[in-house]
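Enquirer: A single structure is presented below for examination.
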There are 2 protein chains.
Amino acid sequence: MAGQKTEIAVALVHHPVLNRLGETTATAITSTDVHDFARSCAFFDVAPVYLVHPAAGMHALVNDMTRYWLEGAGAKRNPGRREALKQIRMVNTLEDALADADYSLWYTSANAPADETRTVETLRQEHGPHLIVFGTGWGLDASRLPEPNGWLSPITGTGKVRHLSVRAALAIYLDRLRC
Amino acid sequence: MAGQKTEIAVALVHHPVLNRLGETTATAITSTDVHDFARSCAFFDVAPVYLVHPAAGMHALVNDMTRYWLEGAGAKRNPGRREALKQIRMVNTLEDALADADYSLWYTSANAPADETRTVETLRQEHGPHLIVFGTGWGLDASRLPEPNGWLSPITGTGKVRHLSVRAALAIYLDRLRC
């Protein structure tokens, strides 16, 4: 890795995001996203991992999902999973995450504004902390989110479909950032 | 991409794989793996995607999972998902996949034999077809699988946990191969 160690955090936004019609919506938090985001971030030494959702019930769901691994028998059985999941931070809004540290804010999208993107690799040269933000559903509703420092270049494929899962996109961005 | 186009296929093995005790086992096919493998492969123009499981009930489960997207209302609603999922091939054994084409066979593991690995990028220079094989559970039970041409270098992290999800590993290998 070139230069000074870059401090990176990640946020996965469940509201405000877009639905297929381009309307503002909220999505449910899924167990797969919680575990894959926690594992990929821990693997590449990225923390914390903010899960953004305004519903208290969703915060409780994540606590239920992760308790076994953080405190229960799972913590003994698989200490690595505990290490990963303990970096999860539940917040109501992205603004709450921004209150944690003096983050530079970077948004991601398969449809990022073309004139304004930069590759994730260029963040290596910039002193952190950086917060890289992913959207669920049909992507971030940027009109209802804080103005970012910029957008990261979309991952471009060579095939017939245009959208990776958000889990795959996270893995690829972190690999490109850390390699 | 350097050189000639490389033909790449992927297999996700659910048997024979290892359990946490190092014993031979079979794992269940999960909906997330089916969709994420299909989407990441279609995104990077990799096909087919073999799902290896010896149980007829698991083949039926995958047919149930995918029918909505292949033939039902989902095929109209999301043609890209149809495009991705139609590359799925259910097979009983890895040998059945090998019977499809004259594949060079490459295994992946977080614990690949250190002396014998090569980076996935080097496959770009070699005429295909290549079959890249991923294991579920605690990884491929190589002692019960065909002798491969070789092992791909594990993805190495910088953090505290040693294992990515198989979905994240697939995404990173394909990105490194295609970039």
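Following the order of the structure tokens, chains are lettered A, B, ..., residues in each are numbered from 1, and ligands are numbered from 1.
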With a distance cut-off of 12 Å and only C-alpha atoms, select the neighbouring residues of Arg81 in chain B, excluding the residue or stretch itself and same-chain residues fewer than 3 positions from it, and output the selection as an MDAnalysis selection string.
Expert: (chainID A and resid 160:165) or (chainID B and resid 34:43 66:78 84:88)
Enquirer: Mind checking which residues fall within 7 Å of Ser109 in chain A, counting only C-alpha atoms, ignoring those fewer than 2 positions away in the same chain, and posting them as a list in words?
Expert: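 Close residues of Ser109 in chain A: Tyr107, Asn111, Ala112, Gly139 and Pro154 of chain A.
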Enquirer: Can you write out the residues you just picked, keeping N, CA and C atoms, as a PDB file, in the first residue's frame?
Expert:
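Final file, result01.pdb:
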ATOM      1  N   TYR A 107     -19.504   8.857  -1.933  1.00  0.00           N
ATOM      2  CA  TYR A 107     -20.669   8.055  -2.297  1.00  0.00           C
ATOM      3  C   TYR A 107     -20.319   7.097  -3.436  1.00  0.00           C
ATOM      4  N   ASN A 111     -24.573   4.261 -11.061  1.00  0.00           N
ATOM      5  CA  ASN A 111     -24.940   5.368 -11.953  1.00  0.00           C
ATOM      6  C   ASN A 111     -24.384   6.699 -11.442  1.00  0.00           C
ATOM      7  N   ALA A 112     -23.164   6.660 -10.938  1.00  0.00           N
ATOM      8  CA  ALA A 112     -22.586   7.886 -10.380  1.00  0.00           C
ATOM      9  C   ALA A 112     -22.466   8.952 -11.466  1.00  0.00           C
ATOM     10  N   GLY A 139     -30.291   2.225  -4.909  1.00  0.00           N
ATOM     11  CA  GLY A 139     -29.185   3.150  -4.719  1.00  0.00           C
ATOM     12  C   GLY A 139     -29.518   4.325  -3.817  1.00  0.00           C
ATOM     13  N   PRO A 154     -17.797   4.084 -10.644  1.00  0.00           N
ATOM     14  CA  PRO A 154     -18.484   2.802 -10.600  1.00  0.00           C
ATOM     15  C   PRO A 154     -17.554   1.678 -11.060  1.00  0.00           C
TER      16      PRO A 154
END
Enquirer: Ile132 in chain A: which residues within 12 Å, counting only C-alpha atoms, same-chain residues fewer than 2 positions away excluded, as JSON, numbers by chain?
Expert: {"A": [7, 8, 9, 10, 11, 12, 13, 41, 46, 47, 48, 49, 50, 94, 97, 98, 103, 104, 105, 106, 107, 108, 109, 120, 123, 128, 129, 130, 134, 135, 148, 149, 150, 151, 152, 153, 169, 170, 173, 174, 177]}
Enquirer: Determine which residues of range 26-118 of chain B DSSP labels as helix (DSSP H, G or I) from the backbone of this structure, then write them out as a ChimeraX atom specification.
Expert: /B:31-43,56-70,73-77,79-85,94-98,114-116
Enquirer: Excluding Trp138 in chain A and residues on its chain fewer than 5 positions from it, collect all residues at most 7 Å away from it, counting only C-alpha atoms, and give them as a list in words.
Expert: Val17, Leu18, Asn19 and Arg20 of chain A
Enquirer: What's the separation between CA of Thr93 in chain B and CA of His15 in chain B, in Å to one decimal place?
Expert: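 Result for CA of Thr93 in chain B versus CA of His15 in chain B: 7.8 Å, one decimal.
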Enquirer: Write down as a list in words the residues belonging to range 22-176 of chain B that are assigned strand (DSSP E or B) by DSSP computed on the backbone.
Expert: Thr24, Thr25, Val49, Tyr50, Leu51, Val52, Ile88, Arg89, Met90, Val91, Ser104, Leu105, Trp106, Tyr107, Thr117, Arg118, His130, Leu131, Ile132, Val133, Phe134, Gly135, Leu140, Gly150, Trp151 and Leu152 of chain B
Enquirer: Restricting the calculation to only C-alpha atoms, which member of A:Glu95, A:Glu116, A:Asp100, A:Glu83 is positioned closest to chain B?
Expert: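 Closest residue, counting only C-alpha atoms: A:Glu83.
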Enquirer: Choose the residue, out of A:Thr119, A:Ala60, A:Ser143, A:Pro79, that has the smallest atom-to-atom separation from Ile172 in chain A; count only C-alpha atoms.
Expert: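 Looking only at the distances to Ile172 in chain A, the closest residue turns out to be A:Thr119.
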Enquirer: Using only C-alpha atoms, find the one residue out of A:His59, A:Arg89, A:Arg82, A:His14 that sits nearest to chain B.
Expert: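 Of A:His59, A:Arg89, A:Arg82, A:His14, the one nearest chain B is A:Arg82, counting only C-alpha atoms.
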Enquirer: In terms of the shortest atom-to-atom distance over only C-alpha atoms, which of B:Leu51, B:Val166, B:Leu61, B:Ile29 is closest to chain A?
Expert: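 Residue with the minimum atom-to-atom distance to chain A: B:Val166.
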Enquirer: B:Gly57, B:Pro113, B:Pro16, B:Gly80: which is nearest chain A, counting only C-alpha atoms?
Expert: B:Gly80
